[in-house]
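Asker: Before we start, here is the structure in question, set down as structure tokens.
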Amino acid sequence: MSRVLGGITRRPRVRFEGWIAGMGTSSGTRIVLGHWHRSPFGAFSDVMLERADGERLLLAPTREAADFISGTYVFDTVRVVPVAVSVTDATWTVTAGPLDLRFTTGRRRLLGLVLRAVPGALARHPAWSALTDRPARLLLPGVRTRGSAGGGRREWYGARDLLPIRAVSAAFEGTALGGMALVQPPVHFGFGSAPRNPAVTRVTTTVALVPQ
């Protein structure tokens, strides 16, 4: 266990702030990108993929981040590879080891406008995530804002913005994954899935490292 990871496990809760993008492809591969500007590991990005055959793969930039994420979610394969994300206007470009990904966001809809009004301090509070869990399930099937994670951990998501994804181009190990599709079937990394309709969500994620 690394010194950095050992240090954060002494805290009862840790917080990640940034964006989560979820999308499907016509080949059946579903992709979830985490783009974090603040975390126990500093700013970093990671990618989770679930292939059409059910294989779940994590691409993370450091062993410390990979150990933490794979201790919170479930994967069949974990790779430590360089992960780079650039955002220009509405276009996101991602390179993560064997994955090349590019997607474009559209104008936010009513739900995105409502979420933008949520104060940051409120979104960080687990009680708010507990309150929004049922509405999230109704509005965004498959999505949950609180639940049990791996290793006896608990997790809460506080959303603050939502943008639809309009176009996706992706290739894995040089093979094109096809055009954009719904996140269907749902991904199975943890207790919830990304929204069925491809989207980018600004979120504060709180993880309790000990049972609460």
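All residue names refer to the structure tokens as shown: chains lettered A, B, ... in order, residues numbered from 1 in each chain, ligands numbered from 1 in order.
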Need the shell around stretch 103-120 of chain A: protein/DNA/RNA residues with any atom at most 8 Å away, counting only C-alpha atoms. Skip same-chain ones fewer than 2 positions apart. Format as a VMD selection string?

Answerer: chain A and resid 90 to 93 101 122 to 124 159 to 169 199 to 200

Asker: If you count only C-alpha atoms, which residues fall within 12 Å of A:Leu131, apart from same-chain ones fewer than 3 positions away, as a compact mmCIF listing (two decimals) with N, CA and C atoms, in the first residue's frame?

Answerer:
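What ended up in around.txt:
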# COMPACT_ATOMS: atom_id res chain seq x y z
N LEU A 122 -23.86 23.01 -0.66
CA LEU A 122 -24.97 22.07 -0.51
C LEU A 122 -24.68 20.76 -1.25
N ALA A 123 -24.12 20.86 -2.47
CA ALA A 123 -23.82 19.66 -3.26
C ALA A 123 -22.79 18.77 -2.58
N HIS A 125 -22.66 18.10 0.57
CA HIS A 125 -23.18 17.53 1.81
C HIS A 125 -23.88 16.20 1.53
N PRO A 126 -23.46 15.10 2.16
CA PRO A 126 -24.11 13.81 1.93
C PRO A 126 -25.61 13.81 2.15
N ALA A 127 -26.10 14.65 3.08
CA ALA A 127 -27.54 14.69 3.33
C ALA A 127 -28.29 15.16 2.09
N TRP A 128 -27.69 16.06 1.31
CA TRP A 128 -28.33 16.53 0.07
C TRP A 128 -28.40 15.39 -0.94
N ARG A 134 -33.96 9.63 -4.65
CA ARG A 134 -35.21 9.16 -5.26
C ARG A 134 -35.58 9.95 -6.50
N PRO A 135 -35.54 11.32 -6.47
CA PRO A 135 -35.81 12.07 -7.70
C PRO A 135 -34.87 11.69 -8.84
N ALA A 136 -33.57 11.46 -8.52
CA ALA A 136 -32.62 11.08 -9.57
C ALA A 136 -33.01 9.77 -10.22
N ARG A 137 -33.45 8.80 -9.42
CA ARG A 137 -33.86 7.51 -9.98
C ARG A 137 -35.05 7.66 -10.93
N ARG A 144 -28.09 6.66 -9.36
CA ARG A 144 -28.31 6.77 -7.92
C ARG A 144 -27.32 7.77 -7.36
N THR A 145 -27.71 8.52 -6.35
CA THR A 145 -26.82 9.53 -5.79
C THR A 145 -26.23 9.12 -4.44
N ARG A 146 -26.55 7.93 -3.96
CA ARG A 146 -25.91 7.41 -2.76
C ARG A 146 -25.98 5.88 -2.81
N TRP A 156 -21.49 9.19 -2.04
CA TRP A 156 -22.57 10.15 -2.33
C TRP A 156 -22.15 11.02 -3.51
N TYR A 157 -23.11 11.30 -4.40
CA TYR A 157 -22.88 12.16 -5.55
C TYR A 157 -23.77 13.40 -5.44
N GLY A 158 -23.16 14.58 -5.53
CA GLY A 158 -23.91 15.83 -5.55
C GLY A 158 -23.72 16.51 -6.89

Asker: Select, from A:Pro185, A:Asn197, A:Leu139, A:Gly147, the residue with the minimum atom-to-atom distance to A:Gly28, counting only C-alpha atoms.

Answerer: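 Among the listed residues, the smallest separation from A:Gly28 belongs to A:Pro185.
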
Asker: Residues near A:Trp36, anyone? I mean within 7 Å using only C-alpha atoms, not counting same-chain ones fewer than 5 positions away, as a list in words.

Answerer: Phe16, Glu17, Gly18, Trp19, Ala43, Phe44 and Ser45 of chain A

Asker: Applying 7 Å and only C-alpha atoms, which residues near A:Ala208 remain after dropping the ones on its own chain fewer than 5 positions away? List them as a ChimeraX atom specification.

Answerer: /A:12-14,153-155

Asker: What's around A:Ala21 at 9 Å? Count only C-alpha atoms, leave out sequence neighbours fewer than 3 positions away in its own chain, and write the answer as a list in words.

Answerer: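 My reading of the contact set: Ile31, Val32, Leu33, Gly34, His35, Ile165, Ala194, Pro198, Ala199, Val200, Thr201 and Arg202 of chain A.
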
Asker: As a VMD selection string, which residues of stretch 9-66 of chain A does DSSP assign to helix (DSSP H, G or I)?

Answerer: chain A and resid 63 to 66

Asker: Can I get the selection written as a PDB file, in the first residue's frame, with N, CA and C atoms?

Answerer:
ATOM      1  N   ARG A  63      -0.548   4.500  -9.921  1.00  0.00           N
ATOM      2  CA  ARG A  63      -0.903   3.317  -9.137  1.00  0.00           C
ATOM      3  C   ARG A  63      -1.757   3.708  -7.939  1.00  0.00           C
ATOM      4  N   GLU A  64      -1.477   4.876  -7.324  1.00  0.00           N
ATOM      5  CA  GLU A  64      -2.266   5.313  -6.170  1.00  0.00           C
ATOM      6  C   GLU A  64      -3.731   5.508  -6.547  1.00  0.00           C
ATOM      7  N   ALA A  65      -3.982   6.205  -7.653  1.00  0.00           N
ATOM      8  CA  ALA A  65      -5.361   6.418  -8.098  1.00  0.00           C
ATOM      9  C   ALA A  65      -6.009   5.097  -8.486  1.00  0.00           C
ATOM     10  N   ALA A  66      -5.271   4.230  -9.181  1.00  0.00           N
ATOM     11  CA  ALA A  66      -5.822   2.940  -9.597  1.00  0.00           C
ATOM     12  C   ALA A  66      -6.202   2.089  -8.394  1.00  0.00           C
TER      13      ALA A  66
END

Asker: If you count only C-alpha atoms, which residues fall within 6 Å of stretch 55-59 of chain A, apart from same-chain ones fewer than 6 positions away, as a PyMOL selection string?

Answerer: chain A and resi 46-49+75-80

Asker: Can those selected residues be exported to a file as a PDB file, in the first residue's frame so that it contains N, CA and C atoms?

Answerer:
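result.pdb, written as the output of this step:
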ATOM      1  N   ASP A  46      -9.531   9.647 -15.172  1.00  0.00           N
ATOM      2  CA  ASP A  46      -9.519   8.188 -15.307  1.00  0.00           C
ATOM      3  C   ASP A  46     -10.655   7.771 -16.214  1.00  0.00           C
ATOM      4  N   VAL A  47     -10.562   6.581 -16.765  1.00  0.00           N
ATOM      5  CA  VAL A  47     -11.595   6.069 -17.670  1.00  0.00           C
ATOM      6  C   VAL A  47     -11.979   4.660 -17.249  1.00  0.00           C
ATOM      7  N   MET A  48     -13.288   4.412 -17.183  1.00  0.00           N
ATOM      8  CA  MET A  48     -13.827   3.079 -16.964  1.00  0.00           C
ATOM      9  C   MET A  48     -14.545   2.656 -18.247  1.00  0.00           C
ATOM     10  N   LEU A  49     -14.283   1.445 -18.698  1.00  0.00           N
ATOM     11  CA  LEU A  49     -14.959   0.907 -19.881  1.00  0.00           C
ATOM     12  C   LEU A  49     -15.610  -0.413 -19.529  1.00  0.00           C
ATOM     13  N   PHE A  75     -13.644  -4.121 -11.167  1.00  0.00           N
ATOM     14  CA  PHE A  75     -13.101  -4.237 -12.519  1.00  0.00           C
ATOM     15  C   PHE A  75     -12.525  -5.634 -12.721  1.00  0.00           C
ATOM     16  N   ASP A  76     -12.503  -6.039 -13.976  1.00  0.00           N
ATOM     17  CA  ASP A  76     -11.843  -7.282 -14.336  1.00  0.00           C
ATOM     18  C   ASP A  76     -10.371  -7.039 -14.657  1.00  0.00           C
ATOM     19  N   THR A  77     -10.066  -5.843 -15.172  1.00  0.00           N
ATOM     20  CA  THR A  77      -8.705  -5.490 -15.566  1.00  0.00           C
ATOM     21  C   THR A  77      -8.421  -4.049 -15.155  1.00  0.00           C
ATOM     22  N   VAL A  78      -7.238  -3.805 -14.626  1.00  0.00           N
ATOM     23  CA  VAL A  78      -6.808  -2.449 -14.255  1.00  0.00           C
ATOM     24  C   VAL A  78      -5.486  -2.175 -14.962  1.00  0.00           C
ATOM     25  N   ARG A  79      -5.391  -1.061 -15.671  1.00  0.00           N
ATOM     26  CA  ARG A  79      -4.155  -0.663 -16.341  1.00  0.00           C
ATOM     27  C   ARG A  79      -3.755   0.735 -15.866  1.00  0.00           C
ATOM     28  N   VAL A  80      -2.492   0.904 -15.549  1.00  0.00           N
ATOM     29  CA  VAL A  80      -1.950   2.225 -15.218  1.00  0.00           C
ATOM     30  C   VAL A  80      -1.310   2.766 -16.493  1.00  0.00           C
TER      31      VAL A  80
END

Asker: Using Å and a single decimal, report how far atom CA of A:Gly24 sits from atom CA of A:Gly179.

Answerer: 8.4 Å
